[in-house]
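J.: This is data32.cif (mmCIF, C-alpha atoms).
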data_my_file
#
loop_
_atom_site.group_PDB
_atom_site.id
_atom_site.type_symbol
_atom_site.label_atom_id
_atom_site.label_comp_id
_atom_site.auth_asym_id
_atom_site.auth_seq_id
_atom_site.Cartn_x
_atom_site.Cartn_y
_atom_site.Cartn_z
ATOM 1 C CA MET I 1 -3.306 8.121 -42.579
ATOM 2 C CA ALA I 2 -1.863 5.408 -40.355
ATOM 3 C CA THR I 3 -0.171 8.064 -38.224
ATOM 4 C CA VAL I 4 -3.461 9.936 -37.779
ATOM 5 C CA LYS I 5 -5.264 6.750 -36.780
ATOM 6 C CA THR I 6 -2.489 5.817 -34.366
ATOM 7 C CA ALA I 7 -2.573 9.278 -32.796
ATOM 8 C CA LYS I 8 -6.361 9.043 -32.441
ATOM 9 C CA ARG I 9 -6.125 5.628 -30.763
ATOM 10 C CA THR I 10 -3.427 6.968 -28.461
ATOM 11 C CA ARG I 11 -5.615 9.911 -27.410
ATOM 12 C CA GLN I 12 -8.548 7.574 -26.856
ATOM 13 C CA SER I 13 -6.348 5.275 -24.785
ATOM 14 C CA ILE I 14 -5.095 8.175 -22.672
ATOM 15 C CA ASN I 15 -8.620 9.505 -22.143
ATOM 16 C CA ARG I 16 -9.811 6.052 -21.132
ATOM 17 C CA GLU I 17 -6.956 5.630 -18.661
ATOM 18 C CA GLU I 18 -7.586 9.070 -17.158
ATOM 19 C CA LEU I 19 -11.297 8.411 -16.712
ATOM 20 C CA GLU I 20 -10.683 4.964 -15.265
ATOM 21 C CA SER I 21 -8.202 6.449 -12.820
ATOM 22 C CA ARG I 22 -10.742 9.095 -11.799
ATOM 23 C CA ILE I 23 -13.347 6.405 -11.167
ATOM 24 C CA LEU I 24 -10.938 4.349 -9.066
ATOM 25 C CA ARG I 25 -9.876 7.340 -6.947
ATOM 26 C CA ALA I 26 -13.501 8.335 -6.350
ATOM 27 C CA ALA I 27 -14.416 4.764 -5.425
ATOM 28 C CA GLU I 28 -11.383 4.514 -3.155
ATOM 29 C CA VAL I 29 -12.486 7.565 -1.161
ATOM 30 C CA LEU I 30 -16.068 6.321 -0.777
ATOM 31 C CA PHE I 31 -15.055 2.770 0.152
ATOM 32 C CA ALA I 32 -12.645 4.211 2.722
ATOM 33 C CA GLU I 33 -15.302 6.453 4.246
ATOM 34 C CA LYS I 34 -18.388 4.228 4.038
ATOM 35 C CA GLY I 35 -17.103 0.697 3.468
ATOM 36 C CA TYR I 36 -18.267 -1.653 0.745
ATOM 37 C CA SER I 37 -21.875 -2.004 1.905
ATOM 38 C CA GLY I 38 -22.279 1.717 2.514
ATOM 39 C CA SER I 39 -21.154 2.728 -0.972
ATOM 40 C CA SER I 40 -23.271 2.626 -4.113
ATOM 41 C CA MET I 41 -22.528 2.825 -7.817
ATOM 42 C CA GLU I 42 -24.718 5.925 -7.961
ATOM 43 C CA ALA I 43 -22.649 7.693 -5.304
ATOM 44 C CA ILE I 44 -19.391 6.665 -6.958
ATOM 45 C CA ALA I 45 -20.610 7.992 -10.314
ATOM 46 C CA VAL I 46 -21.490 11.321 -8.702
ATOM 47 C CA ALA I 47 -18.102 11.502 -6.981
ATOM 48 C CA ALA I 48 -16.333 10.742 -10.277
ATOM 49 C CA ASN I 49 -18.525 13.313 -12.067
ATOM 50 C CA ILE I 50 -19.780 10.850 -14.670
ATOM 51 C CA SER I 51 -23.089 9.159 -15.412
ATOM 52 C CA LYS I 52 -23.919 5.819 -13.854
ATOM 53 C CA GLN I 53 -24.196 4.356 -17.357
ATOM 54 C CA ASN I 54 -20.670 5.488 -18.133
ATOM 55 C CA LEU I 55 -19.431 4.029 -14.853
ATOM 56 C CA ILE I 56 -21.050 0.662 -15.649
ATOM 57 C CA TYR I 57 -19.338 0.711 -19.057
ATOM 58 C CA TYR I 58 -15.985 0.617 -17.246
ATOM 59 C CA PHE I 59 -17.015 -1.490 -14.250
ATOM 60 C CA LYS I 60 -20.095 -3.665 -14.596
ATOM 61 C CA ASN I 61 -20.860 -3.803 -10.904
ATOM 62 C CA LYS I 62 -19.689 -2.620 -7.484
ATOM 63 C CA GLU I 63 -17.944 -5.878 -6.625
ATOM 64 C CA LEU I 64 -15.665 -5.654 -9.668
ATOM 65 C CA LEU I 65 -14.857 -2.027 -8.875
ATOM 66 C CA TYR I 66 -14.174 -2.827 -5.218
ATOM 67 C CA LYS I 67 -11.863 -5.703 -6.130
ATOM 68 C CA ARG I 68 -9.974 -3.452 -8.541
ATOM 69 C CA VAL I 69 -9.435 -0.818 -5.837
ATOM 70 C CA LEU I 70 -8.212 -3.506 -3.437
ATOM 71 C CA THR I 71 -5.871 -5.247 -5.855
ATOM 72 C CA GLU I 72 -4.389 -1.946 -7.040
ATOM 73 C CA MET I 73 -3.595 -1.023 -3.442
ATOM 74 C CA LEU I 74 -2.105 -4.428 -2.718
ATOM 75 C CA ASP I 75 -0.038 -4.309 -5.909
ATOM 76 C CA VAL I 76 1.433 -0.965 -4.848
ATOM 77 C CA TRP I 77 2.101 -2.380 -1.402
ATOM 78 C CA ILE I 78 3.807 -5.512 -2.773
ATOM 79 C CA GLU I 79 5.945 -3.396 -5.096
ATOM 80 C CA LYS I 80 7.167 -1.402 -2.111
ATOM 81 C CA LEU I 81 7.549 -4.515 0.044
ATOM 82 C CA SER I 82 9.727 -6.152 -2.590
ATOM 83 C CA PHE I 83 12.162 -3.339 -1.883
ATOM 84 C CA LEU I 84 13.489 -5.435 1.015
ATOM 85 C CA GLU I 85 14.131 -8.528 -1.087
ATOM 86 C CA LYS I 86 15.671 -6.620 -3.989
ATOM 87 C CA ASN I 87 18.049 -4.724 -1.757
ATOM 88 C CA GLY I 88 19.010 -7.843 0.143
ATOM 89 C CA ALA I 89 19.511 -10.005 -2.930
ATOM 90 C CA ASP I 90 21.126 -7.582 -5.342
ATOM 91 C CA HIS I 91 23.258 -5.379 -3.108
ATOM 92 C CA GLN I 92 25.612 -5.584 -0.176
ATOM 93 C CA ASP I 93 23.683 -3.148 2.001
ATOM 94 C CA THR I 94 23.554 -3.885 5.719
ATOM 95 C CA PRO I 95 20.329 -4.949 7.458
ATOM 96 C CA GLU I 96 20.192 -1.479 9.025
ATOM 97 C CA VAL I 97 20.215 0.287 5.649
ATOM 98 C CA ILE I 98 17.687 -2.131 4.159
ATOM 99 C CA ILE I 99 15.265 -1.948 7.085
ATOM 100 C CA ARG I 100 15.472 1.833 7.231
ATOM 101 C CA ARG I 101 14.515 2.012 3.564
ATOM 102 C CA TYR I 102 11.742 -0.525 4.129
ATOM 103 C CA VAL I 103 10.177 1.452 6.981
ATOM 104 C CA ARG I 104 10.486 4.658 4.951
ATOM 105 C CA GLU I 105 8.641 3.096 2.016
ATOM 106 C CA LYS I 106 5.902 1.739 4.282
ATOM 107 C CA MET I 107 5.459 5.115 5.962
ATOM 108 C CA GLN I 108 5.238 6.763 2.541
ATOM 109 C CA LEU I 109 2.428 4.377 1.617
ATOM 110 C CA SER I 110 0.465 5.559 4.654
ATOM 111 C CA ARG I 111 1.086 9.196 3.754
ATOM 112 C CA LEU I 112 0.416 8.960 0.018
ATOM 113 C CA TYR I 113 -2.326 6.292 -0.073
ATOM 114 C CA PRO I 114 -4.356 6.775 3.129
ATOM 115 C CA ASN I 115 -7.706 5.933 1.538
ATOM 116 C CA GLY I 116 -6.390 2.819 -0.168
ATOM 117 C CA SER I 117 -4.923 1.682 3.128
ATOM 118 C CA LYS I 118 -8.281 2.196 4.875
ATOM 119 C CA VAL I 119 -10.111 0.183 2.212
ATOM 120 C CA PHE I 120 -7.552 -2.590 2.615
ATOM 121 C CA ALA I 121 -7.961 -2.478 6.408
ATOM 122 C CA HIS I 122 -11.769 -2.699 6.128
ATOM 123 C CA GLU I 123 -11.414 -5.761 3.919
ATOM 124 C CA ILE I 124 -8.971 -7.509 6.253
ATOM 125 C CA ILE I 125 -11.075 -6.760 9.347
ATOM 126 C CA SER I 126 -14.055 -8.307 7.521
ATOM 127 C CA GLY I 127 -12.097 -11.528 6.958
ATOM 128 C CA ALA I 128 -10.856 -10.654 3.453
ATOM 129 C CA PRO I 129 -13.876 -12.233 1.679
ATOM 130 C CA MET I 130 -12.924 -10.730 -1.698
ATOM 131 C CA LEU I 131 -9.165 -10.543 -1.313
ATOM 132 C CA LYS I 132 -8.072 -13.737 0.426
ATOM 133 C CA GLU I 133 -7.101 -15.654 -2.717
ATOM 134 C CA TYR I 134 -5.170 -12.646 -3.990
ATOM 135 C CA LEU I 135 -3.325 -12.405 -0.673
ATOM 136 C CA VAL I 136 -2.332 -16.055 -0.949
ATOM 137 C CA SER I 137 -1.208 -15.827 -4.571
ATOM 138 C CA HIS I 138 0.486 -12.411 -4.499
ATOM 139 C CA LEU I 139 1.393 -11.281 -0.982
ATOM 140 C CA LYS I 140 2.444 -14.535 0.661
ATOM 141 C CA PRO I 141 5.216 -15.467 -1.827
ATOM 142 C CA GLN I 142 6.823 -12.058 -1.317
ATOM 143 C CA PHE I 143 6.421 -12.313 2.432
ATOM 144 C CA ASP I 144 8.011 -15.768 2.493
ATOM 145 C CA ARG I 145 11.030 -14.514 0.545
ATOM 146 C CA ASP I 146 11.520 -11.596 2.901
ATOM 147 C CA VAL I 147 11.275 -13.876 5.935
ATOM 148 C CA ILE I 148 13.999 -16.088 4.446
ATOM 149 C CA LEU I 149 16.224 -13.037 4.018
ATOM 150 C CA VAL I 150 15.846 -12.055 7.676
ATOM 151 C CA LYS I 151 16.565 -15.631 8.741
ATOM 152 C CA THR I 152 19.756 -15.422 6.691
ATOM 153 C CA TRP I 153 20.739 -12.297 8.612
ATOM 154 C CA ILE I 154 20.118 -14.162 11.875
ATOM 155 C CA ASP I 155 22.199 -17.142 10.765
ATOM 156 C CA GLU I 156 25.045 -14.810 9.795
ATOM 157 C CA GLY I 157 24.910 -13.030 13.136
ATOM 158 C CA LEU I 158 23.968 -9.698 11.578
ATOM 159 C CA VAL I 159 20.863 -9.238 13.747
ATOM 160 C CA GLU I 160 19.469 -10.680 16.953
ATOM 161 C CA ASN I 161 17.611 -14.001 16.971
ATOM 162 C CA ILE I 162 14.228 -12.392 16.403
ATOM 163 C CA ASP I 163 10.930 -13.758 15.075
ATOM 164 C CA PRO I 164 11.019 -12.718 11.381
ATOM 165 C CA GLU I 165 7.299 -13.054 10.712
ATOM 166 C CA HIS I 166 6.319 -10.927 13.682
ATOM 167 C CA LEU I 167 9.015 -8.408 12.886
ATOM 168 C CA PHE I 168 7.134 -7.643 9.684
ATOM 169 C CA PHE I 169 3.738 -7.687 11.407
ATOM 170 C CA THR I 170 5.056 -5.130 13.893
ATOM 171 C CA ILE I 171 6.452 -2.859 11.178
ATOM 172 C CA TRP I 172 3.204 -3.037 9.212
ATOM 173 C CA ALA I 173 1.097 -2.242 12.269
ATOM 174 C CA ALA I 174 3.354 0.618 13.320
ATOM 175 C CA THR I 175 3.357 2.245 9.878
ATOM 176 C CA GLN I 176 -0.191 1.589 8.673
ATOM 177 C CA THR I 177 -1.718 3.037 11.820
ATOM 178 C CA TYR I 178 -0.801 6.511 10.536
ATOM 179 C CA ALA I 179 -3.239 5.960 7.666
ATOM 180 C CA ASP I 180 -5.888 3.668 9.142
ATOM 181 C CA PHE I 181 -6.153 5.515 12.483
ATOM 182 C CA SER I 182 -5.017 8.959 11.398
ATOM 183 C CA VAL I 183 -7.936 10.653 13.192
ATOM 184 C CA GLN I 184 -6.735 9.231 16.506
ATOM 185 C CA MET I 185 -3.219 10.514 15.813
ATOM 186 C CA GLU I 186 -4.548 13.948 14.868
ATOM 187 C CA VAL I 187 -6.588 14.224 18.059
ATOM 188 C CA LEU I 188 -3.737 13.132 20.323
ATOM 189 C CA LEU I 189 -1.206 15.354 18.578
ATOM 190 C CA GLY I 190 -3.637 18.289 18.599
ATOM 191 C CA LYS I 191 -3.552 18.746 14.828
ATOM 192 C CA PRO I 192 -6.321 19.124 12.221
ATOM 193 C CA ARG I 193 -4.419 16.719 9.951
ATOM 194 C CA LEU I 194 -1.140 14.853 9.816
ATOM 195 C CA GLU I 195 1.517 16.665 7.816
ATOM 196 C CA ALA I 196 4.777 15.616 6.148
ATOM 197 C CA GLU I 197 6.832 16.443 9.238
ATOM 198 C CA ASP I 198 4.597 14.194 11.365
ATOM 199 C CA PHE I 199 5.336 11.268 9.069
ATOM 200 C CA GLU I 200 9.042 12.090 9.135
ATOM 201 C CA ARG I 201 8.991 12.131 12.920
ATOM 202 C CA ALA I 202 7.074 8.849 12.989
ATOM 203 C CA GLU I 203 9.480 7.267 10.522
ATOM 204 C CA ILE I 204 12.460 8.098 12.739
ATOM 205 C CA ALA I 205 10.734 6.806 15.867
ATOM 206 C CA VAL I 206 9.538 3.546 14.288
ATOM 207 C CA THR I 207 12.854 2.891 12.560
ATOM 208 C CA ASP I 208 14.940 3.484 15.670
ATOM 209 C CA PHE I 209 12.613 1.204 17.643
ATOM 210 C CA VAL I 210 13.032 -1.567 15.065
ATOM 211 C CA MET I 211 16.796 -1.058 14.913
ATOM 212 C CA ARG I 212 17.092 -1.548 18.659
ATOM 213 C CA ALA I 213 14.790 -4.584 18.545
ATOM 214 C CA ILE I 214 16.920 -6.380 15.951
ATOM 215 C CA GLY I 215 20.200 -5.331 17.521
ATOM 216 C CA ALA I 216 21.354 -3.028 14.734
ATOM 217 C CA LYS I 217 22.988 0.326 15.316
ATOM 218 C CA THR I 218 20.908 3.472 15.133
ATOM 219 C CA LYS I 219 22.023 6.601 13.362
ATOM 220 C CA GLU I 220 24.511 8.728 15.229
#
Can you give me the file's structure in the form of structure tokens?

T.:
Amino acid sequence: MATVKTAKRTRQSINREELESRILRAAEVLFAEKGYSGSSMEAIAVAANISKQNLIYYFKNKELLYKRVLTEMLDVWIEKLSFLEKNGADHQDTPEVIIRRYVREKMQLSRLYPNGSKVFAHEIISGAPMLKEYLVSHLKPQFDRDVILVKTWIDEGLVENIDPEHLFFTIWAATQTYADFSVQMEVLLGKPRLEAEDFERAEIAVTDFVMRAIGAKTKE
């Protein structure tokens, strides 16, 4: 009997997770396209193919749902960003290898999570009214650790005497633009949409640019 009950709870848990994920993805698309003010719970429910009552059962209001979409995106971003610290602290990889991996991960975020990136960009452009505290408590500690790592590289003579903070700002801007301003890229490249090879090409260009800026060798 216990096994049957456990199996039932497991199925219920899986179904709940799947539905919640569907709601979040639907909300992510609408927030990316229409912004927070232009999206409604009714429209999100339609996009998720559920009733509004069912949507409210999972998320009581639009603000809670919006914050969840934002924090999920930032959590994914921080997980990828920590790749720099982990590789620098736990391994003997060179700055070139670490930065190349870092840029690759950031470019993958733009390719795989374009809508989440757009929602995040909308929030930041608006002054981060719902995300500022989360940025301070979650993003800044990771950022500070990564800056310290780059300063260590500078002190050891492994890279040029660059501005660590603005190195990261430049990498973020160069990689996120392929998600946040993808339409501009598509128009200028004469393509209906950006494809995997476009991101690969961009990754090589951005990485080589960064390598030259910090004084590291580029791939032969």

J.: I need the output of the PyMOL selection byres ((chain I and resi 53-65) around 9) for this file as a list in words; which residues are they?

T.: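 On the file shown, the PyMOL selection byres ((chain I and resi 53-65) around 9) covers Glu20, Ile23, Leu24, Ala27, Tyr36, Ser39, Ser40, Met41, Glu42, Ile44, Ala45, Ala48, Ile50, Ser51, Lys52, Tyr66, Lys67, Arg68, Val69, Leu70 and Met130 of chain I.
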
J.: I need the residue set behind the PyMOL selection byres ((chain I and resi 117) around 12) for this file; please write it as a PDB file with C-alpha atoms, keeping the file's coordinate frame.

T.:
ATOM      1  CA  GLU I  28     -11.383   4.514  -3.155  1.00  0.00           C
ATOM      2  CA  VAL I  29     -12.486   7.565  -1.161  1.00  0.00           C
ATOM      3  CA  PHE I  31     -15.055   2.770   0.152  1.00  0.00           C
ATOM      4  CA  ALA I  32     -12.645   4.211   2.722  1.00  0.00           C
ATOM      5  CA  GLU I  33     -15.302   6.453   4.246  1.00  0.00           C
ATOM      6  CA  VAL I  69      -9.435  -0.818  -5.837  1.00  0.00           C
ATOM      7  CA  LEU I  70      -8.212  -3.506  -3.437  1.00  0.00           C
ATOM      8  CA  THR I  71      -5.871  -5.247  -5.855  1.00  0.00           C
ATOM      9  CA  GLU I  72      -4.389  -1.946  -7.040  1.00  0.00           C
ATOM     10  CA  MET I  73      -3.595  -1.023  -3.442  1.00  0.00           C
ATOM     11  CA  LEU I  74      -2.105  -4.428  -2.718  1.00  0.00           C
ATOM     12  CA  ASP I  75      -0.038  -4.309  -5.909  1.00  0.00           C
ATOM     13  CA  VAL I  76       1.433  -0.965  -4.848  1.00  0.00           C
ATOM     14  CA  TRP I  77       2.101  -2.380  -1.402  1.00  0.00           C
ATOM     15  CA  LYS I 106       5.902   1.739   4.282  1.00  0.00           C
ATOM     16  CA  MET I 107       5.459   5.115   5.962  1.00  0.00           C
ATOM     17  CA  GLN I 108       5.238   6.763   2.541  1.00  0.00           C
ATOM     18  CA  LEU I 109       2.428   4.377   1.617  1.00  0.00           C
ATOM     19  CA  SER I 110       0.465   5.559   4.654  1.00  0.00           C
ATOM     20  CA  ARG I 111       1.086   9.196   3.754  1.00  0.00           C
ATOM     21  CA  LEU I 112       0.416   8.960   0.018  1.00  0.00           C
ATOM     22  CA  TYR I 113      -2.326   6.292  -0.073  1.00  0.00           C
ATOM     23  CA  PRO I 114      -4.356   6.775   3.129  1.00  0.00           C
ATOM     24  CA  ASN I 115      -7.706   5.933   1.538  1.00  0.00           C
ATOM     25  CA  GLY I 116      -6.390   2.819  -0.168  1.00  0.00           C
ATOM     26  CA  LYS I 118      -8.281   2.196   4.875  1.00  0.00           C
ATOM     27  CA  VAL I 119     -10.111   0.183   2.212  1.00  0.00           C
ATOM     28  CA  PHE I 120      -7.552  -2.590   2.615  1.00  0.00           C
ATOM     29  CA  ALA I 121      -7.961  -2.478   6.408  1.00  0.00           C
ATOM     30  CA  HIS I 122     -11.769  -2.699   6.128  1.00  0.00           C
ATOM     31  CA  GLU I 123     -11.414  -5.761   3.919  1.00  0.00           C
ATOM     32  CA  ILE I 124      -8.971  -7.509   6.253  1.00  0.00           C
ATOM     33  CA  TRP I 172       3.204  -3.037   9.212  1.00  0.00           C
ATOM     34  CA  ALA I 173       1.097  -2.242  12.269  1.00  0.00           C
ATOM     35  CA  THR I 175       3.357   2.245   9.878  1.00  0.00           C
ATOM     36  CA  GLN I 176      -0.191   1.589   8.673  1.00  0.00           C
ATOM     37  CA  THR I 177      -1.718   3.037  11.820  1.00  0.00           C
ATOM     38  CA  TYR I 178      -0.801   6.511  10.536  1.00  0.00           C
ATOM     39  CA  ALA I 179      -3.239   5.960   7.666  1.00  0.00           C
ATOM     40  CA  ASP I 180      -5.888   3.668   9.142  1.00  0.00           C
ATOM     41  CA  PHE I 181      -6.153   5.515  12.483  1.00  0.00           C
ATOM     42  CA  SER I 182      -5.017   8.959  11.398  1.00  0.00           C
TER      43      SER I 182
END

J.: Kindly indicate which residue among I:Ala174, I:Met211, I:Ala196, I:Val147 lies nearest to Glu160 in chain I, using all atoms listed in the file for the distances.

T.: I:Met211

J.: With only C-alpha atoms counted, which protein, DNA or RNA residues have an atom no more than 12 Å from (13.8, -4.0, 20.2) in the file frame? Please answer as a list in words.

T.: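 Residues with an atom at most 12 Å from (13.8, -4.0, 20.2): Val159, Glu160, Asn161, Ile162, Asp163, Leu167, Thr170, Ile171, Val206, Thr207, Asp208, Phe209, Val210, Met211, Arg212, Ala213, Ile214, Gly215, Ala216, Lys217 and Thr218 of chain I.
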
J.: Just give me the gap between CA of Glu165 in chain I and CA of Glu200 in chain I in Å, one decimal is fine.

T.: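 That distance, rounded to one decimal, is 25.3 Å.
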
J.: For Tyr134 in chain I, which residue out of I:Val97, I:Ile78, I:Ala202, I:Leu19 is the nearest one, using all atoms listed in the file?

T.: I:Ile78

J.: Would you mind reading off the distance between CA of Glu195 in chain I and CA of Ala26 in chain I, one decimal, in Å?

T.: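 Spanning CA of Glu195 in chain I to CA of Ala26 in chain I is a straight-line distance of 22.3 Å.
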
J.: Which residues would end up in the selection if the PyMOL selection byres ((chain I and resi 95) around 9) were applied here, given that I need the answer as a CSV table (one decimal) with C-alpha atoms, keeping the file's coordinate frame?

T.:
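File written: expr_7.csv
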chain,number,residue,atom,x,y,z
I,88,GLY,CA,19.0,-7.8,0.1
I,93,ASP,CA,23.7,-3.1,2.0
I,94,THR,CA,23.6,-3.9,5.7
I,96,GLU,CA,20.2,-1.5,9.0
I,97,VAL,CA,20.2,0.3,5.6
I,98,ILE,CA,17.7,-2.1,4.2
I,99,ILE,CA,15.3,-1.9,7.1
I,100,ARG,CA,15.5,1.8,7.2
I,150,VAL,CA,15.8,-12.1,7.7
I,153,TRP,CA,20.7,-12.3,8.6
I,158,LEU,CA,24.0,-9.7,11.6
I,159,VAL,CA,20.9,-9.2,13.7
I,216,ALA,CA,21.4,-3.0,14.7

J.: Using all atoms listed in the file, which residues sit within 12 Å of Asp144 in chain I once same-chain residues fewer than 5 positions away are excluded, as an MDAnalysis selection string?

T.: chainID I and resid 81:82 84:85 136:139 149:151 164:165 168

J.: Write out, as an mmCIF file, in the frame of the given file, the residues just selected, with C-alpha atoms.

T.:
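Generated file (out.cif):
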data_model
loop_
_atom_site.group_PDB
_atom_site.id
_atom_site.type_symbol
_atom_site.label_atom_id
_atom_site.label_comp_id
_atom_site.auth_asym_id
_atom_site.auth_seq_id
_atom_site.Cartn_x
_atom_site.Cartn_y
_atom_site.Cartn_z
ATOM 1 C CA LEU I 81 7.549 -4.515 0.044
ATOM 2 C CA SER I 82 9.727 -6.152 -2.590
ATOM 3 C CA LEU I 84 13.489 -5.435 1.015
ATOM 4 C CA GLU I 85 14.131 -8.528 -1.087
ATOM 5 C CA VAL I 136 -2.332 -16.055 -0.949
ATOM 6 C CA SER I 137 -1.208 -15.827 -4.571
ATOM 7 C CA HIS I 138 0.486 -12.411 -4.499
ATOM 8 C CA LEU I 139 1.393 -11.281 -0.982
ATOM 9 C CA LEU I 149 16.224 -13.037 4.018
ATOM 10 C CA VAL I 150 15.846 -12.055 7.676
ATOM 11 C CA LYS I 151 16.565 -15.631 8.741
ATOM 12 C CA PRO I 164 11.019 -12.718 11.381
ATOM 13 C CA GLU I 165 7.299 -13.054 10.712
ATOM 14 C CA PHE I 168 7.134 -7.643 9.684
#

J.: What is the CA of Gly35 in chain I to CA of Leu131 in chain I distance in Å?

T.: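 Pair CA of Gly35 in chain I / CA of Leu131 in chain I returns 14.6 Å.
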
J.: Around all the atoms of range 54-59 of chain I listed in the file, draw an axis-aligned box and extend it by 6 Å on each of the six sides; I want its centre and edge lengths in Å to one decimal, as lines of an AutoDock Vina configuration file.

T.:
center_x = -18.5
center_y = 2.0
center_z = -16.7
size_x = 17.1
size_y = 19.0
size_z = 16.8

J.: Can range 173-179 of chain I be brought up to all heavy atoms and written out as a PDB file, in the frame of the given file?

T.:
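Generated file (selection_13.pdb):
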ATOM      1  N   ALA I 173       2.044  -2.855  11.329  1.00  0.00           N
ATOM      2  CA  ALA I 173       1.097  -2.242  12.269  1.00  0.00           C
ATOM      3  C   ALA I 173       1.543  -0.834  12.642  1.00  0.00           C
ATOM      4  O   ALA I 173       0.725   0.096  12.705  1.00  0.00           O
ATOM      5  CB  ALA I 173       0.985  -3.106  13.522  1.00  0.00           C
ATOM      6  N   ALA I 174       2.833  -0.675  12.887  1.00  0.00           N
ATOM      7  CA  ALA I 174       3.354   0.618  13.320  1.00  0.00           C
ATOM      8  C   ALA I 174       3.286   1.676  12.232  1.00  0.00           C
ATOM      9  O   ALA I 174       3.136   2.861  12.519  1.00  0.00           O
ATOM     10  CB  ALA I 174       4.798   0.464  13.802  1.00  0.00           C
ATOM     11  N   THR I 175       3.386   1.274  10.975  1.00  0.00           N
ATOM     12  CA  THR I 175       3.357   2.245   9.878  1.00  0.00           C
ATOM     13  C   THR I 175       1.936   2.487   9.358  1.00  0.00           C
ATOM     14  O   THR I 175       1.560   3.632   9.091  1.00  0.00           O
ATOM     15  CB  THR I 175       4.259   1.792   8.721  1.00  0.00           C
ATOM     16  OG1 THR I 175       3.921   0.449   8.339  1.00  0.00           O
ATOM     17  CG2 THR I 175       5.724   1.832   9.134  1.00  0.00           C
ATOM     18  N   GLN I 176       1.154   1.438   9.228  1.00  0.00           N
ATOM     19  CA  GLN I 176      -0.191   1.589   8.673  1.00  0.00           C
ATOM     20  C   GLN I 176      -1.143   2.328   9.603  1.00  0.00           C
ATOM     21  O   GLN I 176      -2.131   2.894   9.150  1.00  0.00           O
ATOM     22  CB  GLN I 176      -0.778   0.219   8.315  1.00  0.00           C
ATOM     23  CG  GLN I 176      -0.170  -0.367   7.052  1.00  0.00           C
ATOM     24  CD  GLN I 176      -0.601  -1.806   6.822  1.00  0.00           C
ATOM     25  OE1 GLN I 176       0.237  -2.689   6.775  1.00  0.00           O
ATOM     26  NE2 GLN I 176      -1.887  -2.037   6.683  1.00  0.00           N
ATOM     27  N   THR I 177      -0.837   2.346  10.883  1.00  0.00           N
ATOM     28  CA  THR I 177      -1.718   3.037  11.820  1.00  0.00           C
ATOM     29  C   THR I 177      -1.816   4.524  11.514  1.00  0.00           C
ATOM     30  O   THR I 177      -2.823   5.171  11.808  1.00  0.00           O
ATOM     31  CB  THR I 177      -1.241   2.825  13.276  1.00  0.00           C
ATOM     32  OG1 THR I 177      -2.245   3.297  14.172  1.00  0.00           O
ATOM     33  CG2 THR I 177       0.071   3.564  13.554  1.00  0.00           C
ATOM     34  N   TYR I 178      -0.785   5.083  10.863  1.00  0.00           N
ATOM     35  CA  TYR I 178      -0.801   6.511  10.536  1.00  0.00           C
ATOM     36  C   TYR I 178      -1.748   6.820   9.381  1.00  0.00           C
ATOM     37  O   TYR I 178      -2.063   7.985   9.129  1.00  0.00           O
ATOM     38  CB  TYR I 178       0.616   6.994  10.225  1.00  0.00           C
ATOM     39  CG  TYR I 178       1.485   7.014  11.458  1.00  0.00           C
ATOM     40  CD1 TYR I 178       2.260   5.907  11.808  1.00  0.00           C
ATOM     41  CD2 TYR I 178       1.488   8.109  12.313  1.00  0.00           C
ATOM     42  CE1 TYR I 178       3.031   5.900  12.963  1.00  0.00           C
ATOM     43  CE2 TYR I 178       2.251   8.114  13.476  1.00  0.00           C
ATOM     44  CZ  TYR I 178       3.013   7.007  13.796  1.00  0.00           C
ATOM     45  OH  TYR I 178       3.764   6.993  14.956  1.00  0.00           O
ATOM     46  N   ALA I 179      -2.205   5.783   8.686  1.00  0.00           N
ATOM     47  CA  ALA I 179      -3.239   5.960   7.666  1.00  0.00           C
ATOM     48  C   ALA I 179      -4.589   5.502   8.204  1.00  0.00           C
ATOM     49  O   ALA I 179      -5.575   6.237   8.174  1.00  0.00           O
ATOM     50  CB  ALA I 179      -2.891   5.176   6.408  1.00  0.00           C
TER      51      ALA I 179
END
